[in-house]
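Undergrad: Okay, so here is target.txt, and as you'll see once you scroll down, it has compact mmCIF, C-alpha atoms.
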```txt
# COMPACT_ATOMS: atom_id res chain seq x y z
CA MET A 1 50.08 86.33 132.31
CA SER A 2 52.94 87.70 134.43
CA GLU A 3 53.87 91.36 134.40
CA ALA A 4 57.15 90.68 132.63
CA ALA A 5 55.40 88.70 129.92
CA ASP A 6 52.92 91.56 129.49
CA HIS A 7 55.78 94.02 129.10
CA ASN A 8 57.51 91.77 126.63
CA SER A 9 54.48 91.26 124.45
CA ALA A 10 53.82 95.02 124.39
CA PHE A 11 57.48 95.54 123.44
CA MET A 12 57.31 92.96 120.65
CA ARG A 13 54.09 94.50 119.32
CA LYS A 14 55.93 97.81 118.92
CA ILE A 15 58.83 96.07 117.19
CA GLU A 16 56.49 94.26 114.82
CA ALA A 17 54.58 97.46 114.05
CA GLU A 18 57.88 99.20 113.10
CA ASP A 19 57.42 101.59 116.04
CA LYS A 20 60.63 102.89 117.55
CA ILE A 21 61.61 101.99 121.10
CA GLU A 22 62.37 105.14 123.10
CA PRO A 23 64.57 105.52 126.21
CA GLN A 24 61.79 105.44 128.82
CA ASP A 25 60.04 102.41 127.33
CA TRP A 26 60.26 99.02 128.96
CA MET A 27 62.72 96.82 127.07
CA PRO A 28 64.14 93.32 127.66
CA GLU A 29 67.50 93.38 129.44
CA GLY A 30 69.01 91.47 126.51
CA TYR A 31 67.85 94.17 124.10
CA ARG A 32 69.42 96.86 126.26
CA LYS A 33 72.70 94.96 126.63
CA ASN A 34 72.86 94.10 122.95
CA LEU A 35 72.34 97.76 122.02
CA ILE A 36 74.91 99.03 124.50
CA ARG A 37 77.41 96.55 123.03
CA GLN A 38 76.72 97.47 119.41
CA MET A 39 76.32 101.24 119.86
CA SER A 40 79.37 101.69 122.09
CA GLN A 41 81.41 99.60 119.65
CA HIS A 42 80.17 101.88 116.88
CA ALA A 43 81.12 104.99 118.92
CA HIS A 44 84.58 103.59 119.72
CA SER A 45 85.09 102.88 116.01
CA GLU A 46 84.38 106.50 115.09
CA VAL A 47 86.88 107.72 117.69
CA ILE A 48 89.65 105.16 117.09
CA GLY A 49 89.14 105.70 113.34
CA MET A 50 90.58 109.18 113.70
CA GLN A 51 94.05 107.75 114.34
CA PRO A 52 94.90 106.17 110.97
CA GLU A 53 93.73 109.34 109.20
CA GLY A 54 95.38 111.67 111.68
CA ASN A 55 98.65 109.99 110.71
CA TRP A 56 98.58 111.92 107.39
CA LEU A 57 97.26 115.28 108.55
CA THR A 58 100.65 116.96 108.67
CA ARG A 59 101.73 115.40 105.38
CA ALA A 60 98.66 115.97 103.19
CA PRO A 61 99.95 117.00 99.75
CA THR A 62 98.11 120.36 99.53
CA LEU A 63 96.54 122.83 101.94
CA GLU A 64 93.09 122.02 100.53
CA ARG A 65 93.60 118.27 101.04
CA LYS A 66 94.69 119.01 104.59
CA ALA A 67 91.64 121.18 105.34
CA ILE A 68 89.35 118.47 103.91
CA LEU A 69 91.02 115.72 105.94
CA LEU A 70 90.81 117.85 109.06
CA ALA A 71 87.08 118.44 108.45
CA LYS A 72 86.53 114.72 107.95
CA ILE A 73 88.36 113.78 111.16
CA GLN A 74 86.39 116.44 113.02
CA ASP A 75 83.20 114.79 111.72
CA GLU A 76 84.36 111.40 113.06
CA ALA A 77 84.85 112.91 116.52
CA GLY A 78 81.36 114.40 116.32
CA HIS A 79 79.89 111.08 115.22
CA GLY A 80 81.54 109.36 118.15
CA LEU A 81 79.90 111.90 120.46
CA TYR A 82 76.43 111.46 118.89
CA LEU A 83 76.74 107.72 119.43
CA TYR A 84 78.10 107.89 122.99
CA SER A 85 75.24 110.22 123.92
CA ALA A 86 72.65 107.96 122.29
CA THR A 87 74.14 104.99 124.17
CA GLU A 88 73.95 106.87 127.47
CA THR A 89 70.15 107.00 127.08
CA LEU A 90 70.26 103.25 127.82
CA GLY A 91 71.55 103.85 131.32
CA THR A 92 75.27 103.35 130.87
CA SER A 93 77.85 106.12 131.33
CA ARG A 94 80.58 107.57 129.14
CA ASP A 95 83.15 106.59 131.78
CA ALA A 96 81.95 102.99 131.81
CA MET A 97 82.16 102.80 128.02
CA VAL A 98 85.66 104.25 127.85
CA GLU A 99 86.79 101.94 130.64
CA ALA A 100 85.41 98.92 128.75
CA LEU A 101 87.37 100.01 125.69
CA HIS A 102 90.59 100.44 127.65
CA GLU A 103 90.19 97.07 129.34
CA GLY A 104 89.53 95.33 126.04
CA ARG A 105 85.97 94.33 126.98
CA ALA A 106 84.53 96.57 124.25
CA LYS A 107 85.68 96.26 120.64
CA TYR A 108 85.90 98.67 117.75
CA ALA A 109 85.93 97.98 114.02
CA SER A 110 88.88 95.71 113.18
CA ILE A 111 89.68 97.80 110.08
CA PHE A 112 91.27 100.56 112.16
CA ASN A 113 94.02 98.21 113.28
CA TYR A 114 95.62 98.44 109.84
CA PRO A 115 98.32 101.06 109.23
CA THR A 116 98.13 104.00 106.80
CA LEU A 117 101.45 103.65 104.99
CA THR A 118 101.00 106.13 102.14
CA TRP A 119 98.79 109.08 101.17
CA ALA A 120 96.83 106.72 98.91
CA ASP A 121 95.64 104.93 102.06
CA ILE A 122 93.70 108.08 102.96
CA GLY A 123 91.97 107.78 99.59
CA ALA A 124 91.29 104.08 100.11
CA ILE A 125 89.85 104.67 103.59
CA GLY A 126 87.43 107.32 102.34
CA TRP A 127 86.38 105.33 99.29
CA LEU A 128 86.28 101.80 100.74
CA VAL A 129 86.08 102.00 104.54
CA ASP A 130 83.63 104.90 104.61
CA GLY A 131 81.81 103.35 101.66
CA ALA A 132 81.34 100.13 103.63
CA ALA A 133 80.37 102.03 106.77
CA ILE A 134 77.74 103.99 104.82
CA VAL A 135 76.17 100.79 103.43
CA ASN A 136 75.88 99.51 107.00
CA GLN A 137 74.69 102.81 108.44
CA ILE A 138 72.01 103.35 105.81
CA SER A 139 70.41 100.09 106.91
CA LEU A 140 70.77 101.16 110.58
CA GLN A 141 68.72 104.31 109.94
CA ARG A 142 65.81 101.88 110.34
CA THR A 143 67.06 100.29 113.56
CA SER A 144 64.37 99.85 116.22
CA TYR A 145 65.95 102.02 118.92
CA GLY A 146 64.92 105.66 118.36
CA PRO A 147 68.05 107.50 119.55
CA TYR A 148 70.30 105.15 117.52
CA ALA A 149 68.17 105.57 114.38
CA ARG A 150 68.19 109.36 114.70
CA ALA A 151 71.97 109.43 115.21
CA MET A 152 72.36 107.31 112.06
CA VAL A 153 70.26 109.70 109.99
CA LYS A 154 72.44 112.62 111.03
CA ILE A 155 75.67 110.70 110.53
CA CYS A 156 74.72 109.43 107.06
CA LYS A 157 73.86 112.96 105.97
CA GLU A 158 77.17 114.35 107.20
CA GLU A 159 79.25 111.51 105.79
CA SER A 160 78.15 112.04 102.24
CA PHE A 161 81.33 113.97 101.50
CA HIS A 162 83.72 111.50 103.16
CA GLN A 163 83.47 108.81 100.52
CA ARG A 164 83.61 111.26 97.65
CA GLN A 165 86.79 112.96 98.82
CA GLY A 166 88.44 109.54 99.20
CA TYR A 167 87.35 108.43 95.76
CA LEU A 168 88.74 111.61 94.23
CA ILE A 169 92.10 111.12 95.96
CA MET A 170 92.20 107.66 94.36
CA HIS A 171 91.12 109.10 91.00
CA THR A 172 93.85 111.73 91.03
CA LEU A 173 96.52 109.18 91.89
CA ALA A 174 95.22 106.52 89.49
CA HIS A 175 95.37 109.04 86.64
CA GLY A 176 98.72 110.51 87.70
CA SER A 177 102.25 109.23 87.10
CA GLU A 178 103.09 105.55 86.94
CA GLU A 179 104.31 105.68 90.55
CA GLN A 180 101.13 107.37 91.71
CA HIS A 181 98.99 104.80 89.92
CA ALA A 182 101.00 102.03 91.58
CA MET A 183 100.52 103.70 94.95
CA ALA A 184 96.73 103.74 94.44
CA GLN A 185 96.75 100.09 93.37
CA ASP A 186 98.85 99.13 96.40
CA ALA A 187 96.38 100.85 98.73
CA LEU A 188 93.46 99.02 97.11
CA ASP A 189 95.37 95.74 97.40
CA ARG A 190 95.88 96.22 101.14
CA TRP A 191 92.44 97.66 102.07
CA TRP A 192 90.07 95.55 99.96
CA TRP A 193 89.91 92.39 102.05
CA PRO A 194 89.93 94.06 105.49
CA THR A 195 87.07 96.27 104.21
CA LEU A 196 85.01 93.19 103.30
CA MET A 197 85.64 91.87 106.82
CA MET A 198 84.07 95.02 108.28
CA PHE A 199 80.62 93.55 107.64
CA GLY A 200 81.41 90.78 110.12
CA PRO A 201 81.28 86.99 109.90
CA HIS A 202 78.85 85.11 107.67
CA ASP A 203 75.37 85.30 109.15
CA ALA A 204 75.39 81.62 110.07
CA GLU A 205 78.50 82.18 112.22
CA SER A 206 77.61 85.57 113.67
CA ALA A 207 77.08 85.31 117.43
CA ASN A 208 74.66 88.23 117.76
CA SER A 209 72.96 88.40 114.37
CA GLY A 210 69.86 86.24 114.90
CA GLN A 211 68.55 87.95 118.02
CA SER A 212 69.55 91.39 116.71
CA MET A 213 67.53 90.79 113.56
CA ALA A 214 64.51 89.57 115.56
CA TRP A 215 64.62 92.75 117.66
CA LYS A 216 65.24 94.80 114.50
CA ILE A 217 68.41 96.28 115.96
CA LYS A 218 70.04 95.04 112.76
CA ARG A 219 67.90 95.29 109.64
CA ARG A 220 70.06 93.48 107.09
CA GLY A 221 72.36 90.48 107.37
CA ASN A 222 76.14 90.78 107.19
CA ASP A 223 76.34 88.84 103.92
CA GLU A 224 73.64 90.88 102.21
CA LEU A 225 75.30 94.18 103.15
CA ARG A 226 78.72 92.89 102.06
CA GLN A 227 77.31 91.83 98.69
CA LYS A 228 75.64 95.21 98.22
CA PHE A 229 78.95 96.96 98.90
CA ILE A 230 80.83 94.75 96.44
CA ASP A 231 78.22 95.22 93.72
CA GLN A 232 78.38 98.99 93.93
CA THR A 233 82.17 99.24 94.38
CA VAL A 234 83.46 97.05 91.53
CA PRO A 235 82.25 99.44 88.78
CA GLN A 236 83.83 102.33 90.70
CA ALA A 237 87.19 100.52 90.64
CA ASP A 238 86.81 100.01 86.88
CA ILE A 239 86.47 103.77 86.36
CA LEU A 240 89.65 104.27 88.39
CA GLY A 241 91.43 101.74 86.15
CA LEU A 242 92.44 99.78 89.25
CA THR A 243 92.20 96.02 89.78
CA ILE A 244 90.41 94.53 92.77
CA PRO A 245 92.78 91.93 94.29
CA ASP A 246 90.45 88.97 93.95
CA PRO A 247 91.08 86.54 91.05
CA GLU A 248 87.68 84.92 91.65
CA LEU A 249 85.74 88.17 91.34
CA ARG A 250 83.36 88.02 88.38
CA TRP A 251 79.88 89.14 87.35
CA ASN A 252 77.32 86.38 87.66
CA PRO A 253 74.58 86.97 85.07
CA GLN A 254 72.27 84.45 86.78
CA THR A 255 72.25 86.13 90.19
CA GLU A 256 73.04 89.57 88.73
CA ARG A 257 75.60 90.03 91.46
CA TYR A 258 79.36 89.65 91.70
CA ASP A 259 80.78 86.31 92.84
CA PHE A 260 83.88 86.73 94.96
CA GLY A 261 86.63 84.66 96.55
CA PRO A 262 86.86 83.40 100.14
CA ILE A 263 87.60 85.84 102.96
CA ASP A 264 90.50 85.01 105.28
CA TRP A 265 88.54 84.66 108.53
CA ASP A 266 91.67 83.60 110.41
CA GLU A 267 93.09 87.05 109.79
CA PHE A 268 89.82 88.63 110.95
CA ALA A 269 89.83 86.55 114.15
CA ALA A 270 93.46 87.42 114.87
CA VAL A 271 92.88 91.17 114.43
CA ILE A 272 89.72 91.09 116.58
CA ALA A 273 91.65 89.17 119.24
CA GLY A 274 94.21 91.95 119.43
CA ASP A 275 96.92 90.79 117.06
CA GLY A 276 96.47 93.21 114.19
CA LEU A 277 99.35 95.43 113.12
CA CYS A 278 98.24 98.45 115.15
CA ASN A 279 95.92 97.20 117.94
CA ARG A 280 98.33 98.02 120.75
CA GLU A 281 99.28 101.40 119.33
CA ARG A 282 95.63 102.44 118.84
CA LEU A 283 94.68 101.62 122.44
CA ARG A 284 97.88 103.08 123.87
CA ASN A 285 97.26 106.37 122.03
CA HIS A 286 93.65 106.47 123.18
CA LYS A 287 94.57 105.88 126.82
CA GLN A 288 97.34 108.44 126.66
CA ALA A 289 95.09 111.09 125.08
CA HIS A 290 92.46 110.35 127.73
CA ASP A 291 94.99 110.63 130.56
CA ASP A 292 96.70 113.69 129.08
CA GLY A 293 93.31 115.39 128.83
CA ALA A 294 92.40 114.77 132.46
CA TRP A 295 93.68 118.19 133.58
CA VAL A 296 91.38 119.91 131.09
CA ARG A 297 88.32 118.14 132.47
CA GLU A 298 89.41 118.91 136.03
CA ALA A 299 90.18 122.55 135.25
CA SER A 300 86.80 123.12 133.58
CA GLN A 301 85.01 121.64 136.59
CA ALA A 302 87.09 123.70 139.02
CA TYR A 303 86.32 126.85 137.03
CA ALA A 304 82.58 126.10 136.96
CA ALA A 305 82.62 125.43 140.71
CA ARG A 306 84.43 128.69 141.40
CA GLU A 307 81.96 130.62 139.28
CA GLY A 308 79.09 128.92 141.10
CA ARG A 309 77.85 127.22 137.96
CA THR A 310 77.62 123.70 139.29
CA ASP A 311 73.82 123.81 139.05
CA VAL A 312 73.87 124.39 135.29
CA MET B 313 57.04 137.14 146.33
CA SER B 314 55.86 137.17 142.76
CA GLU B 315 52.60 135.38 142.19
CA LEU B 316 53.75 134.30 138.79
CA THR B 317 54.94 130.71 138.75
CA PRO B 318 58.12 129.76 136.84
CA LEU B 319 58.18 129.55 133.07
CA PHE B 320 58.60 126.13 131.48
CA GLU B 321 59.48 125.35 127.86
CA VAL B 322 57.55 122.47 126.30
CA PHE B 323 58.87 119.94 123.79
CA VAL B 324 56.62 117.37 122.12
CA ARG B 325 57.49 114.17 120.27
CA SER B 326 54.72 113.94 117.70
CA LYS B 327 55.38 110.30 116.86
CA ARG B 328 57.65 107.56 118.19
CA GLY B 329 61.00 107.69 116.42
CA LEU B 330 60.98 111.46 115.88
CA ASP B 331 62.81 114.13 117.88
CA HIS B 332 61.08 116.19 120.55
CA VAL B 333 60.35 119.62 119.04
CA HIS B 334 59.79 122.87 120.90
CA VAL B 335 56.14 123.83 120.74
CA GLY B 336 55.85 126.70 123.26
CA SER B 337 55.91 127.50 126.93
CA LEU B 338 53.68 127.84 129.99
CA HIS B 339 53.76 128.78 133.66
CA ALA B 340 53.46 126.15 136.38
CA ALA B 341 54.34 125.80 140.05
CA ASP B 342 56.56 122.78 139.45
CA ALA B 343 57.59 120.27 136.80
CA GLU B 344 54.79 117.83 137.52
CA HIS B 345 52.18 120.52 137.04
CA ALA B 346 53.97 121.77 133.95
CA LEU B 347 53.70 118.32 132.42
CA THR B 348 49.98 118.15 133.12
CA TYR B 349 49.37 121.67 131.78
CA ALA B 350 51.47 120.87 128.71
CA ARG B 351 49.20 117.93 127.99
CA ASP B 352 46.13 120.17 128.25
CA THR B 353 47.67 123.08 126.40
CA TYR B 354 49.66 121.54 123.57
CA THR B 355 48.37 118.01 122.90
CA ARG B 356 44.59 118.24 123.04
CA ARG B 357 44.28 116.52 119.65
CA GLY B 358 46.65 113.65 120.21
CA GLU B 359 49.65 115.56 118.82
CA GLY B 360 52.12 113.98 121.15
CA ALA B 361 53.59 110.59 121.90
CA SER B 362 55.82 112.10 124.59
CA ILE B 363 56.28 115.48 126.29
CA TRP B 364 59.36 117.10 127.84
CA VAL B 365 59.16 120.16 130.05
CA VAL B 366 62.18 122.09 131.24
CA GLU B 367 62.27 125.24 133.31
CA ALA B 368 63.16 128.12 130.97
CA ARG B 369 65.92 129.40 133.25
CA HIS B 370 67.82 126.17 132.67
CA ILE B 371 68.08 126.80 128.94
CA VAL B 372 71.31 128.43 127.84
CA ALA B 373 70.86 130.04 124.44
CA SER B 374 73.19 131.67 121.93
CA GLN B 375 72.52 135.36 121.31
CA GLU B 376 71.67 137.06 118.05
CA THR B 377 74.75 139.24 118.52
CA ASP B 378 76.93 136.12 118.68
CA ALA B 379 75.70 134.86 115.32
CA ASP B 380 78.95 135.80 113.56
CA MET B 381 81.03 133.80 115.99
CA PHE B 382 78.81 130.73 115.68
CA SER B 383 78.10 130.75 111.95
CA ASP B 384 80.72 132.65 109.99
CA PRO B 385 83.59 130.15 110.27
CA MET B 386 81.31 127.48 108.74
CA GLU B 387 80.65 129.45 105.57
CA ASP B 388 84.18 129.25 104.19
CA LYS B 389 84.28 125.44 104.41
CA PRO B 390 82.30 124.35 101.33
CA TYR B 391 84.27 121.09 101.31
CA ARG B 392 82.08 119.85 104.17
CA HIS B 393 79.33 119.34 101.58
CA ALA B 394 79.23 116.48 99.10
CA THR B 395 78.24 118.94 96.36
CA HIS B 396 81.76 120.41 96.56
CA TYR B 397 83.15 117.31 94.80
CA ASP B 398 82.63 116.73 91.08
CA LEU B 399 82.64 113.03 90.31
CA PRO B 400 84.04 111.60 87.07
CA ASP B 401 81.42 110.67 84.45
CA GLY B 402 79.69 107.34 84.99
CA VAL B 403 80.44 106.93 88.69
CA GLU B 404 77.39 105.72 90.61
CA ASN B 405 76.47 105.02 94.24
CA LEU B 406 78.85 107.58 95.72
```
Render the structure in this file as structure tokens.
TA:
Amino acid sequence: MSEAADHNSAFMRKIEAEDKIEPQDWMPEGYRKNLIRQMSQHAHSEVIGMQPEGNWLTRAPTLERKAILLAKIQDEAGHGLYLYSATETLGTSRDAMVEALHEGRAKYASIFNYPTLTWADIGAIGWLVDGAAIVNQISLQRTSYGPYARAMVKICKEESFHQRQGYLIMHTLAHGSEEQHAMAQDALDRWWWPTLMMFGPHDAESANSGQSMAWKIKRRGNDELRQKFIDQTVPQADILGLTIPDPELRWNPQTERYDFGPIDWDEFAAVIAGDGLCNRERLRNHKQAHDDGAWVREASQAYAAREGRTDV
Amino acid sequence: MSELTPLFEVFVRSKRGLDHVHVGSLHAADAEHALTYARDTYTRRGEGASIWVVEARHIVASQETDADMFSDPMEDKPYRHATHYDLPDGVENL
């Protein structure tokens, strides 16, 4: 047997035994590339995701709401950093990842290309978008790459408040005046379908799913995770007294799951391809913030050099 | 010249998938030796799947006297915890 085949069979034995793969272990190039793609996309999503929420920071209705939103956005920045660092253990660099984002070679979650038009959108993002992200991330706590799994554990723990604060914004609005209730319903109407798209294409059409499942990078299929999210979210909408915008949504006593209507995959494809409502704005803001921050990075390096701290 | 070799801090991963955890320190002439000594000193009973050693002088640590600066501002932000939010009756999976 060749050396490469030896390495690969040792690698697959670890995967099959539910052992984690750690940075210094031998791994197939495809595994490394697949992880860099998925983890950097995950990191970019955390960072780009700050923009739609940041849009309402200065207009949060109370000081407490503002402090909570600020804490949540600060968490997203931290989660982006955990994920970038974990990705760097695979041999790529932060610069390379940011460059790939700016050049459109790396993606981020399509959901963040939708605008936040009202305060209720902040509620809908916390409840639905974070809710969907948590369903995905809980399954990724068991991913086969050690640094990714450990980052997911920390992120899931910290995110436990994100979904709750969003749900309570929705609850307050849904039980407020008629206008406030309508605002909450409008946010649900606009965010429901894009949230379902977050789980990605049907497994049969997902380009990376099969190999990712075999390597245990992904632990659950897109469709299974989407169904899990729907099943736990529909009763939450009932308590809000809001209507999920899907006329085909109904409980199926045979499967004991909710049946739901078709997802508009043309919309998903268009947003992924760059034609969502905010794609250009999101990238432009990110580039500008990166460029505007260049002097800070340079100044901190110049200061460290002057103080003779370059060895630290 | 001091005869004492540099101090190294030792971190051991007890099992694949877990974080490296600080277990102690030792003196060694260089990093390679430190790694070998760490094996003999800290993992004689198969405690470790992986060992890190780092020279102690490279560790930058917060000081006890700085505790206020590092911890106090966190204590008045209870809204960072999920327990801060009371959910309506009957809500599950949040």
Undergrad: Define the interface residues of chain A facing chain B as those within 6 Å, counting only C-alpha atoms, and report them as a list in words.
TA: Lys20, Gly146, Ser160 and Phe161 of chain A
Undergrad: Find the spatial neighbours of range 335-339 of chain B, counting all atoms listed in the file, within a cut-off of 8 Å - ignore same-chain residues fewer than 5 positions away - and output them as a list of chain:residue names.
TA: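 After dropping sequence-adjacent residues, the list is B:Leu316, B:Thr317, B:Pro318, B:Leu319, B:Phe320, B:Glu321, B:Val322, B:Phe323, B:Val324, B:Ala346, B:Tyr349, B:Ala350, B:Tyr354.
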Undergrad: Rounded to one decimal place, report the CA of Gly80 in chain A-CA of Asp223 in chain A distance in Å.
TA: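 According to the coordinates, CA of Gly80 in chain A and CA of Asp223 in chain A are separated by 25.5 Å.
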Undergrad: Using only C-alpha atoms, pick whichever of A:Asp75, A:Glu3, A:Asp121, A:Glu16 has the shortest atom-to-atom distance to Glu53 in chain A.
TA: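 Closest to Glu53 in chain A of all the choices is A:Asp121.
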Undergrad: Enter the distance from CA of Gln180 in chain A to CA of Ile73 in chain A, in Å, rounded to one decimal.
TA: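 Here the two named atoms are 24.1 Å from each other.
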Undergrad: Check the smallest atom-to-atom distance from each of A:Tyr31, A:His102, A:Ala17, A:Lys216 to His286 in chain A using all atoms listed in the file, then report the winner.
TA: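 Selected residue with least distance to His286 in chain A: A:His102.
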Undergrad: Just the number, please: distance in Å from CA of Ile111 in chain A to CA of Met39 in chain A, one decimal.
TA: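 It comes out at 16.9 Å.
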Undergrad: Please provide the set of residues having any atom within 10 Å of Arg142 in chain A, restricted to all atoms listed in the file, with same-chain residues fewer than 6 positions apart removed, written as a list of chain:residue names.
TA: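 The residues satisfying every condition are A:Glu18, A:Lys20, A:Tyr148, A:Ala149, A:Arg150, A:Met152, A:Val153, A:Lys216, A:Ile217, A:Lys218, A:Arg219, A:Arg220, B:Gly329.
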Undergrad: Residues near Val129 in chain A, anyone? I mean within 9 Å using all atoms listed in the file, not counting same-chain ones fewer than 6 positions away, as a VMD selection string.
TA: chain A and resid 111 163 191 to 192 194 to 196 198
Undergrad: Of the candidates A:Ala237, A:Ala96, A:Leu283, A:Leu70, which one gets nearest to Ser45 in chain A if we count only C-alpha atoms?
TA: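 Comparing A:Ala237, A:Ala96, A:Leu283, A:Leu70 against Ser45 in chain A, the winner is A:Leu283.
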